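A.B. asks: This one is run-v2.cif, mmCIF, C-alpha atoms and all ligand atoms.
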```cif
data_work
#
loop_
_atom_site.label_atom_id
_atom_site.label_comp_id
_atom_site.auth_asym_id
_atom_site.auth_seq_id
_atom_site.Cartn_x
_atom_site.Cartn_y
_atom_site.Cartn_z
CA MET C 1 -20.53 -17.23 7.43
CA GLU C 2 -16.79 -16.68 7.44
CA ILE C 3 -17.31 -12.97 6.92
CA LYS C 4 -19.64 -12.83 9.90
CA VAL C 5 -17.05 -14.43 12.18
CA GLU C 6 -14.43 -11.96 11.03
CA GLU C 7 -16.76 -9.02 11.70
CA LYS C 8 -17.31 -10.28 15.21
CA ILE C 9 -13.56 -10.50 15.84
CA LEU C 10 -12.98 -7.03 14.44
CA SER C 11 -15.67 -5.45 16.57
CA ALA C 12 -14.28 -7.14 19.70
CA ASN C 13 -10.95 -5.56 18.81
CA ASP C 14 -12.63 -2.20 18.29
CA ARG C 15 -14.33 -2.39 21.69
CA LEU C 16 -11.05 -3.13 23.43
CA ALA C 17 -9.37 -0.36 21.44
CA LEU C 18 -11.92 2.05 22.89
CA GLU C 19 -11.05 0.84 26.39
CA ASN C 20 -7.35 1.39 25.66
CA ARG C 21 -8.18 4.86 24.44
CA ALA C 22 -10.07 5.63 27.65
CA ARG C 23 -7.09 4.52 29.77
CA LEU C 24 -4.74 6.67 27.69
CA ASP C 25 -7.08 9.67 27.91
CA ALA C 26 -7.43 9.28 31.68
CA ALA C 27 -3.63 9.43 31.99
CA ARG C 28 -3.38 12.27 29.43
CA VAL C 29 -1.22 10.22 27.08
CA THR C 30 -1.19 10.80 23.31
CA ALA C 31 -0.62 7.48 21.55
CA VAL C 32 0.79 7.27 18.03
CA ASN C 33 0.53 4.11 15.93
CA ILE C 34 3.58 3.98 13.62
CA MET C 35 3.16 1.68 10.62
CA ALA C 36 5.53 0.84 7.75
CA SER C 37 7.08 -1.92 5.72
CA PRO C 38 10.11 -3.62 7.26
CA GLY C 39 13.23 -1.47 6.97
CA ALA C 40 11.49 1.86 6.27
CA GLY C 41 12.97 3.24 9.47
CA LYS C 42 10.33 3.07 12.22
CA THR C 43 12.84 2.35 14.97
CA SER C 44 15.28 4.95 13.63
CA LEU C 45 12.47 7.51 13.62
CA ILE C 46 11.57 6.64 17.20
CA LEU C 47 15.21 6.94 18.32
CA ARG C 48 15.56 10.31 16.56
CA THR C 49 12.29 11.47 18.14
CA ILE C 50 13.48 10.44 21.61
CA GLU C 51 16.68 12.41 21.07
CA ALA C 52 14.81 15.51 19.83
CA LEU C 53 12.22 15.50 22.62
CA ARG C 54 14.57 14.83 25.51
CA GLY C 55 13.63 17.31 28.23
CA ARG C 56 10.58 18.52 26.27
CA ALA C 57 8.21 15.56 26.58
CA ARG C 58 8.07 12.28 28.48
CA LEU C 59 8.04 9.39 26.02
CA ALA C 60 7.34 5.69 26.23
CA VAL C 61 7.50 3.11 23.48
CA ILE C 62 5.68 -0.11 22.67
CA GLU C 63 7.70 -2.21 20.25
CA GLY C 64 5.89 -4.74 18.11
CA ASP C 65 8.13 -7.33 16.49
CA LEU C 66 7.75 -10.79 15.05
CA ALA C 67 10.35 -12.33 17.33
CA SER C 68 13.38 -10.35 18.48
CA THR C 69 13.91 -7.73 21.20
CA VAL C 70 16.67 -5.83 19.36
CA ASP C 71 14.55 -2.73 18.74
CA ALA C 72 13.22 -2.55 22.31
CA ASP C 73 16.77 -2.92 23.61
CA LYS C 74 17.84 0.09 21.55
CA ILE C 75 14.94 2.15 22.95
CA LYS C 76 15.74 1.19 26.53
CA ALA C 77 19.39 2.05 25.92
CA ALA C 78 18.16 5.52 24.93
CA GLY C 79 16.69 5.84 28.43
CA VAL C 80 13.00 5.56 27.59
CA PRO C 81 10.57 3.00 29.05
CA ALA C 82 9.82 0.35 26.43
CA VAL C 83 7.56 -2.67 26.37
CA GLN C 84 8.30 -5.38 23.86
CA ILE C 85 5.46 -7.29 22.24
CA ASN C 86 6.56 -10.37 20.34
CA THR C 87 3.70 -11.38 18.13
CA GLY C 88 5.20 -14.85 17.60
CA GLY C 89 5.02 -14.47 13.85
CA GLY C 90 1.72 -12.55 13.90
CA CYS C 91 1.82 -9.80 11.30
CA HIS C 92 0.12 -6.94 13.18
CA LEU C 93 -0.53 -5.58 16.67
CA ASP C 94 -4.04 -5.70 18.08
CA ALA C 95 -5.88 -4.05 20.95
CA VAL C 96 -5.41 -7.05 23.29
CA MET C 97 -1.63 -6.81 22.97
CA ILE C 98 -1.74 -3.07 23.61
CA ALA C 99 -4.00 -3.49 26.67
CA ASP C 100 -1.38 -5.88 28.07
CA ALA C 101 1.48 -3.52 27.31
CA LEU C 102 -0.33 -0.52 28.84
CA ARG C 103 -0.51 -2.41 32.14
CA GLN C 104 3.30 -2.56 32.15
CA LEU C 105 3.78 1.21 31.75
CA ALA C 106 3.51 4.01 34.32
CA LEU C 107 1.11 5.97 32.11
CA ASP C 108 0.83 8.92 34.50
CA ASP C 109 4.51 9.63 33.80
CA VAL C 110 4.08 9.59 30.02
CA ASP C 111 3.09 12.37 27.60
CA ILE C 112 3.57 10.61 24.27
CA LEU C 113 3.40 6.87 23.63
CA LEU C 114 4.97 5.75 20.37
CA ILE C 115 3.74 2.36 19.19
CA GLU C 116 5.94 0.65 16.61
CA ASN C 117 3.67 -1.71 14.72
CA VAL C 118 4.90 -4.88 13.02
CA GLY C 119 6.64 -4.12 9.72
CA ASN C 120 3.94 -4.84 7.16
CA LEU C 121 1.84 -2.59 4.94
CA VAL C 122 -1.09 -4.95 4.56
CA CYS C 123 -3.02 -5.60 7.76
CA PRO C 124 -1.85 -3.34 10.66
CA THR C 125 -4.13 -0.66 9.27
CA ASN C 126 -7.19 -2.88 9.92
CA PHE C 127 -6.65 -3.14 13.68
CA ALA C 128 -7.41 -0.18 15.90
CA LEU C 129 -5.20 -0.11 18.99
CA GLY C 130 -6.76 2.82 20.84
CA GLU C 131 -4.23 5.22 19.34
CA HIS C 132 -4.95 8.92 18.81
CA LYS C 133 -2.78 9.36 15.71
CA ARG C 134 -1.91 7.05 12.84
CA VAL C 135 1.41 7.62 11.11
CA LEU C 136 2.88 5.82 8.12
CA VAL C 137 6.61 5.77 7.48
CA ALA C 138 7.54 5.34 3.83
CA SER C 139 11.11 5.47 2.54
CA VAL C 140 12.71 6.64 -0.68
CA PRO C 141 14.36 3.30 -1.65
CA GLU C 142 10.95 1.57 -1.51
CA GLY C 143 9.90 3.54 -4.58
CA HIS C 144 7.28 6.18 -5.28
CA ASP C 145 4.52 3.71 -6.16
CA LYS C 146 3.81 2.52 -2.58
CA PRO C 147 0.53 4.51 -2.36
CA ILE C 148 -0.61 2.88 -5.61
CA LYS C 149 0.37 -0.65 -4.55
CA TYR C 150 -0.91 -0.39 -0.96
CA PRO C 151 -3.69 2.22 -1.07
CA SER C 152 -5.47 0.98 2.07
CA SER C 153 -2.35 1.77 4.13
CA PHE C 154 -2.62 5.39 3.07
CA VAL C 155 -6.23 5.86 4.18
CA ASP C 156 -7.10 7.69 7.42
CA LEU C 157 -3.55 8.70 8.27
CA ASP C 158 -2.70 11.72 10.39
CA ALA C 159 0.79 12.05 8.94
CA ILE C 160 3.18 10.45 6.47
CA VAL C 161 6.90 10.46 7.18
CA LEU C 162 9.00 10.00 4.06
CA ASN C 163 12.36 8.77 5.34
CA LYS C 164 15.79 8.33 3.72
CA MET C 165 15.52 11.56 1.71
CA ASP C 166 19.34 11.61 1.67
CA LEU C 167 19.20 8.66 -0.75
CA ALA C 168 17.00 10.47 -3.28
CA PRO C 169 19.92 11.44 -5.58
CA TYR C 170 21.00 7.79 -5.85
CA VAL C 171 17.75 5.95 -6.47
CA ASP C 172 14.94 6.20 -8.96
CA PHE C 173 12.38 7.95 -6.76
CA ASP C 174 9.95 10.47 -8.24
CA LEU C 175 8.84 12.69 -5.36
CA ALA C 176 6.15 14.44 -7.41
CA ALA C 177 4.68 11.08 -8.44
CA PHE C 178 4.69 9.91 -4.81
CA GLU C 179 2.90 13.04 -3.64
CA ARG C 180 0.40 12.84 -6.51
CA ALA C 181 -0.42 9.25 -5.54
CA VAL C 182 -0.82 10.24 -1.87
CA ARG C 183 -3.03 13.22 -2.76
CA ALA C 184 -5.30 10.98 -4.84
CA ILE C 185 -6.10 9.19 -1.56
CA ASP C 186 -5.84 12.03 0.96
CA ALA C 187 -5.90 15.67 -0.08
CA ASP C 188 -4.35 17.15 3.02
CA VAL C 189 -2.42 14.67 5.17
CA PRO C 190 0.91 16.27 6.11
CA ILE C 191 3.99 14.67 4.50
CA PHE C 192 7.29 15.14 6.32
CA HIS C 193 10.45 14.71 4.25
CA ILE C 194 13.16 13.50 6.57
CA SER C 195 16.36 11.56 6.87
CA CYS C 196 16.96 9.73 10.12
CA ARG C 197 20.57 9.31 9.02
CA THR C 198 21.38 13.00 8.51
CA GLY C 199 18.67 14.46 10.74
CA GLU C 200 17.21 16.62 7.97
CA GLY C 201 13.54 17.49 8.34
CA LEU C 202 13.18 16.04 11.82
CA GLU C 203 12.38 19.35 13.51
CA ALA C 204 9.13 19.78 11.52
CA TRP C 205 8.04 16.24 12.41
CA VAL C 206 8.80 16.75 16.08
CA ALA C 207 7.00 20.11 16.12
CA TRP C 208 3.93 18.42 14.62
CA LEU C 209 4.09 15.66 17.22
CA MET C 210 4.33 18.19 20.07
CA GLN C 211 1.40 20.14 18.65
CA GLN C 212 -0.76 17.01 18.27
CA SER C 213 0.01 16.11 21.87
CA GLY C 214 -1.02 19.55 23.14
CA LEU C 215 2.53 20.20 24.34
CA SER C 216 3.28 23.26 22.24
MG MG I 1 11.94 -1.63 14.04
ZN ZN I 2 -1.76 -9.17 10.27
#
```
Please rewrite the model in this file as structure tokens.

C.D. replies:
Amino acid sequence: MEIKVEEKILSANDRLALENRARLDAARVTAVNIMASPGAGKTSLILRTIEALRGRARLAVIEGDLASTVDADKIKAAGVPAVQINTGGGCHLDAVMIADALRQLALDDVDILLIENVGNLVCPTNFALGEHKRVLVASVPEGHDKPIKYPSSFVDLDAIVLNKMDLAPYVDFDLAAFERAVRAIDADVPIFHISCRTGEGLEAWVAWLMQQSGLS
């Protein structure tokens, strides 16, 4: 019985996600769901992306956080419209929260909507938001065994961003082992090697994002 109830909840979320998708499509917005563990660099990636796309694409951001508004404040300070969702301890975003946030954005003035999910590799992947692209941010200090420990987070991704590459010489991270583990799950998802600190590799990520949004 419990399983049945859960299925019902999930399909209600899926239905609302489809409605979100229709609203985004009507406004010609490409929405990207960015997932990661806490501290992998989701907000840093968003700030770097804002910087790189200034004058090339109109961005907006939805910030999912357990409690604070620190990340949304940083985005607004960068001059981009941002809506904060505080999940009140909830460990993932869902389609209801996104529907709410979409109402607070002038979608006709947006090309790309970046959605920073709650930092957690377990359940965000189970909740469709209406996004067009699903991106996972992993980082070098987390270790190369993330795809083995959290395989479901690596399923159905459109891109993987491997952040903090500048730390590779200082930590025990085996890039070949990481890529082997990813390829065992997904043979051709693009993997971008970047450092939000130094800026290395960001241009390839941004070019991909522009291409996915039909802007290049
Ligand atoms: Mg953040
Ligand atoms: Zn959750």

A.B. asks: Please write out the residues within 10 Å of ligand ZN 2 (chain I) as a list in words, counting all atoms listed in the file.

C.D. replies: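 Written in the requested form, the residues are Thr87, Gly89, Gly90, Cys91, His92, Leu93, Asp94, Val118, Gly119, Asn120, Leu121, Val122, Cys123, Pro124, Thr125, Asn126 and Phe127 of chain C.
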
A.B. asks: Give me, as a list in words, all polymer residues having an atom no more than 10 Å from C:Ala207, counting only C-alpha atoms and skipping those fewer than 4 positions away in the same chain.

C.D. replies: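 Residues meeting the cut-off are Ala52, Leu53, Leu202, Glu203, Gln211, Gln212, Ser213, Leu215 and Ser216 of chain C.
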
A.B. asks: Considering only C-alpha atoms, return as an mmCIF file with C-alpha atoms, in the frame of the given file whatever protein or nucleic-acid residues lie within 7 Å of C:Leu162, sequence-local ones (same chain, fewer than 3 positions apart) excluded.

C.D. replies:
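What follows is the written file around.cif:
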```cif
data_model
loop_
_atom_site.group_PDB
_atom_site.id
_atom_site.type_symbol
_atom_site.label_atom_id
_atom_site.label_comp_id
_atom_site.auth_asym_id
_atom_site.auth_seq_id
_atom_site.Cartn_x
_atom_site.Cartn_y
_atom_site.Cartn_z
ATOM 1 C CA VAL C 137 6.610 5.770 7.480
ATOM 2 C CA ALA C 138 7.540 5.340 3.830
ATOM 3 C CA SER C 139 11.110 5.470 2.540
ATOM 4 C CA VAL C 140 12.710 6.640 -0.680
ATOM 5 C CA ILE C 191 3.990 14.670 4.500
ATOM 6 C CA PHE C 192 7.290 15.140 6.320
ATOM 7 C CA HIS C 193 10.450 14.710 4.250
ATOM 8 C CA ILE C 194 13.160 13.500 6.570
#
```

A.B. asks: Write out as a list in words each polymer residue whose atoms come within 8 Å of C:Pro141, counting only C-alpha atoms; drop sequence neighbours fewer than 2 positions from it.

C.D. replies: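 Near C:Pro141, the qualifying residues are Ser139, Gly143, Lys164, Leu167, Ala168, Val171, Asp172 and Phe173 of chain C.
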
A.B. asks: Could you tell me which of C:Arg54, C:Lys76, C:Lys42, C:His132 comes closest to ligand MG 1 (chain I) if we count all atoms listed in the file?

C.D. replies: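 Comparing C:Arg54, C:Lys76, C:Lys42, C:His132 against ligand MG 1 (chain I), the winner is C:Lys42.
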
A.B. asks: Which residues are near ligand MG 1 (chain I) - at most 9 Å, using only C-alpha atoms and all ligand atoms? Format: as a list in words.

C.D. replies: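 Here is the list of contacting residues: Pro38, Gly39, Ala40, Gly41, Lys42, Thr43, Ser44, Ile46, Glu63, Gly64, Asp65, Val70, Asp71, Ala72, Glu116, Asn117, Val118 and Gly119 of chain C.
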
A.B. asks: Pick out the closest residue to C:Met35 from this set: C:Arg21, C:Arg103, C:Arg56, C:Arg134. Count all atoms listed in the file.

C.D. replies: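 Smallest separation from C:Met35 among the options: C:Arg134.
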
A.B. asks: Just checking: using all atoms listed in the file, which residue out of C:Thr49, C:Ser11, C:Ser153, C:Ser195 ends up closest to C:Leu209?

C.D. replies: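 Among the listed residues, the smallest separation from C:Leu209 belongs to C:Thr49.
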
A.B. asks: If you count all atoms listed in the file, which residues fall within 10 Å of C:Leu24, apart from same-chain ones fewer than 2 positions away, as a list in words?

C.D. replies: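 So the residues in contact are Leu18, Glu19, Asn20, Arg21, Ala22, Ala26, Ala27, Arg28, Val29, Thr30, Ala31, Leu102, Leu107, Asp108, Val110, Asp111, Ile112, Leu113, Gly130, Glu131 and His132 of chain C.
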
A.B. asks: For a test of reading the model, state the distance in Å between atom CA of C:Tyr170 and atom CA of C:Pro151, rounded to one decimal.

C.D. replies: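 Going from atom CA of C:Tyr170 over to atom CA of C:Pro151 covers 25.8 Å.
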
A.B. asks: Taking all atoms listed in the file into account, name the residue in C:Val161, C:Ala78, C:Leu45, C:Ile148 that is nearest to C:Arg180.

C.D. replies: C:Ile148

A.B. asks: If I take atom CA of C:Ala17 and atom CA of C:Trp208, how far is one from the other in Å, to one decimal?

C.D. replies: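 For atom CA of C:Ala17 relative to atom CA of C:Trp208, the distance reads 24.0 Å.
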
A.B. asks: How many Å separate atom CA of C:Arg58 from atom CA of C:Ile115?

C.D. replies: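 Between atom CA of C:Arg58 and atom CA of C:Ile115 the gap works out to 14.3 Å.
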
A.B. asks: Looking at only C-alpha atoms, which of C:Val206, C:Ala176, C:Ala82, C:Leu129 is the one that sits closest to C:Arg48?

C.D. replies: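 Answer, going by the shortest atom-to-atom distance: C:Val206.
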
A.B. asks: Find, counting only C-alpha atoms, the residue in C:Ala204, C:Ile75, C:Cys196, C:Val135 that gets nearest to C:Asn163.

C.D. replies: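 Selected residue with least distance to C:Asn163: C:Cys196.
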
A.B. asks: For C:Asp156, please output as a list in words all residues within 9 Å (counting all atoms listed in the file; exclusion window: fewer than 4 positions along the same chain).

C.D. replies: Arg134, Ser152, Asp186 and Val189 of chain C

A.B. asks: For stretch 16-27 of chain C, which lacks atoms in the input, supply all heavy atoms and format the output as an mmCIF file, keeping the file's coordinate frame.

C.D. replies:
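Final file, result.cif:
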```
data_model
loop_
_atom_site.group_PDB
_atom_site.id
_atom_site.type_symbol
_atom_site.label_atom_id
_atom_site.label_comp_id
_atom_site.auth_asym_id
_atom_site.auth_seq_id
_atom_site.Cartn_x
_atom_site.Cartn_y
_atom_site.Cartn_z
ATOM 1 N N LEU C 16 -12.214 -3.176 22.549
ATOM 2 C CA LEU C 16 -11.050 -3.130 23.430
ATOM 3 C C LEU C 16 -10.179 -1.909 23.098
ATOM 4 O O LEU C 16 -9.603 -1.290 24.000
ATOM 5 C CB LEU C 16 -10.246 -4.426 23.313
ATOM 6 C CG LEU C 16 -9.170 -4.628 24.372
ATOM 7 C CD1 LEU C 16 -9.729 -4.426 25.774
ATOM 8 C CD2 LEU C 16 -8.571 -6.016 24.255
ATOM 9 N N ALA C 17 -10.116 -1.559 21.831
ATOM 10 C CA ALA C 17 -9.370 -0.360 21.440
ATOM 11 C C ALA C 17 -9.960 0.877 22.124
ATOM 12 O O ALA C 17 -9.219 1.756 22.574
ATOM 13 C CB ALA C 17 -9.377 -0.202 19.922
ATOM 14 N N LEU C 18 -11.275 0.921 22.217
ATOM 15 C CA LEU C 18 -11.920 2.050 22.890
ATOM 16 C C LEU C 18 -11.561 2.079 24.380
ATOM 17 O O LEU C 18 -11.363 3.144 24.966
ATOM 18 C CB LEU C 18 -13.441 1.989 22.717
ATOM 19 C CG LEU C 18 -13.944 2.320 21.311
ATOM 20 C CD1 LEU C 18 -15.454 2.115 21.221
ATOM 21 C CD2 LEU C 18 -13.577 3.756 20.927
ATOM 22 N N GLU C 19 -11.472 0.904 24.986
ATOM 23 C CA GLU C 19 -11.050 0.840 26.390
ATOM 24 C C GLU C 19 -9.610 1.327 26.544
ATOM 25 O O GLU C 19 -9.296 2.065 27.485
ATOM 26 C CB GLU C 19 -11.164 -0.592 26.930
ATOM 27 C CG GLU C 19 -12.595 -1.021 27.210
ATOM 28 C CD GLU C 19 -12.677 -2.490 27.616
ATOM 29 O OE1 GLU C 19 -11.714 -3.026 28.211
ATOM 30 O OE2 GLU C 19 -13.719 -3.117 27.317
ATOM 31 N N ASN C 20 -8.743 0.901 25.629
ATOM 32 C CA ASN C 20 -7.350 1.390 25.660
ATOM 33 C C ASN C 20 -7.329 2.900 25.557
ATOM 34 O O ASN C 20 -6.596 3.581 26.280
ATOM 35 C CB ASN C 20 -6.554 0.799 24.488
ATOM 36 C CG ASN C 20 -6.281 -0.686 24.648
ATOM 37 O OD1 ASN C 20 -6.434 -1.240 25.736
ATOM 38 N ND2 ASN C 20 -5.886 -1.330 23.562
ATOM 39 N N ARG C 21 -8.140 3.418 24.650
ATOM 40 C CA ARG C 21 -8.180 4.860 24.440
ATOM 41 C C ARG C 21 -8.621 5.580 25.723
ATOM 42 O O ARG C 21 -8.055 6.606 26.097
ATOM 43 C CB ARG C 21 -9.137 5.172 23.282
ATOM 44 C CG ARG C 21 -9.406 6.646 23.103
ATOM 45 C CD ARG C 21 -8.206 7.365 22.511
ATOM 46 N NE ARG C 21 -8.346 7.320 21.080
ATOM 47 C CZ ARG C 21 -8.855 8.331 20.347
ATOM 48 N NH1 ARG C 21 -9.134 9.446 20.887
ATOM 49 N NH2 ARG C 21 -9.004 8.209 19.060
ATOM 50 N N ALA C 22 -9.589 5.000 26.412
ATOM 51 C CA ALA C 22 -10.070 5.630 27.650
ATOM 52 C C ALA C 22 -8.969 5.653 28.713
ATOM 53 O O ALA C 22 -8.803 6.644 29.430
ATOM 54 C CB ALA C 22 -11.309 4.886 28.159
ATOM 55 N N ARG C 23 -8.203 4.557 28.797
ATOM 56 C CA ARG C 23 -7.090 4.520 29.770
ATOM 57 C C ARG C 23 -6.037 5.571 29.425
ATOM 58 O O ARG C 23 -5.489 6.242 30.305
ATOM 59 C CB ARG C 23 -6.424 3.139 29.772
ATOM 60 C CG ARG C 23 -7.323 2.052 30.323
ATOM 61 C CD ARG C 23 -6.623 0.721 30.324
ATOM 62 N NE ARG C 23 -5.438 0.730 31.201
ATOM 63 C CZ ARG C 23 -4.565 -0.255 31.251
ATOM 64 N NH1 ARG C 23 -4.709 -1.302 30.464
ATOM 65 N NH2 ARG C 23 -3.541 -0.183 32.066
ATOM 66 N N LEU C 24 -5.734 5.687 28.137
ATOM 67 C CA LEU C 24 -4.740 6.670 27.690
ATOM 68 C C LEU C 24 -5.237 8.086 27.982
ATOM 69 O O LEU C 24 -4.488 8.930 28.484
ATOM 70 C CB LEU C 24 -4.475 6.492 26.194
ATOM 71 C CG LEU C 24 -3.747 5.192 25.813
ATOM 72 C CD1 LEU C 24 -3.913 4.895 24.329
ATOM 73 C CD2 LEU C 24 -2.272 5.278 26.185
ATOM 74 N N ASP C 25 -6.511 8.335 27.673
ATOM 75 C CA ASP C 25 -7.080 9.670 27.910
ATOM 76 C C ASP C 25 -7.054 10.018 29.395
ATOM 77 O O ASP C 25 -6.740 11.146 29.771
ATOM 78 C CB ASP C 25 -8.510 9.737 27.372
ATOM 79 C CG ASP C 25 -8.549 9.779 25.855
ATOM 80 O OD1 ASP C 25 -7.509 10.073 25.236
ATOM 81 O OD2 ASP C 25 -9.634 9.512 25.293
ATOM 82 N N ALA C 26 -7.399 9.039 30.235
ATOM 83 C CA ALA C 26 -7.430 9.280 31.680
ATOM 84 C C ALA C 26 -6.046 9.680 32.181
ATOM 85 O O ALA C 26 -5.917 10.467 33.116
ATOM 86 C CB ALA C 26 -7.935 8.043 32.409
ATOM 87 N N ALA C 27 -5.003 9.123 31.572
ATOM 88 C CA ALA C 27 -3.630 9.430 31.990
ATOM 89 C C ALA C 27 -3.019 10.568 31.161
ATOM 90 O O ALA C 27 -1.841 10.882 31.314
ATOM 91 C CB ALA C 27 -2.759 8.172 31.876
#
```
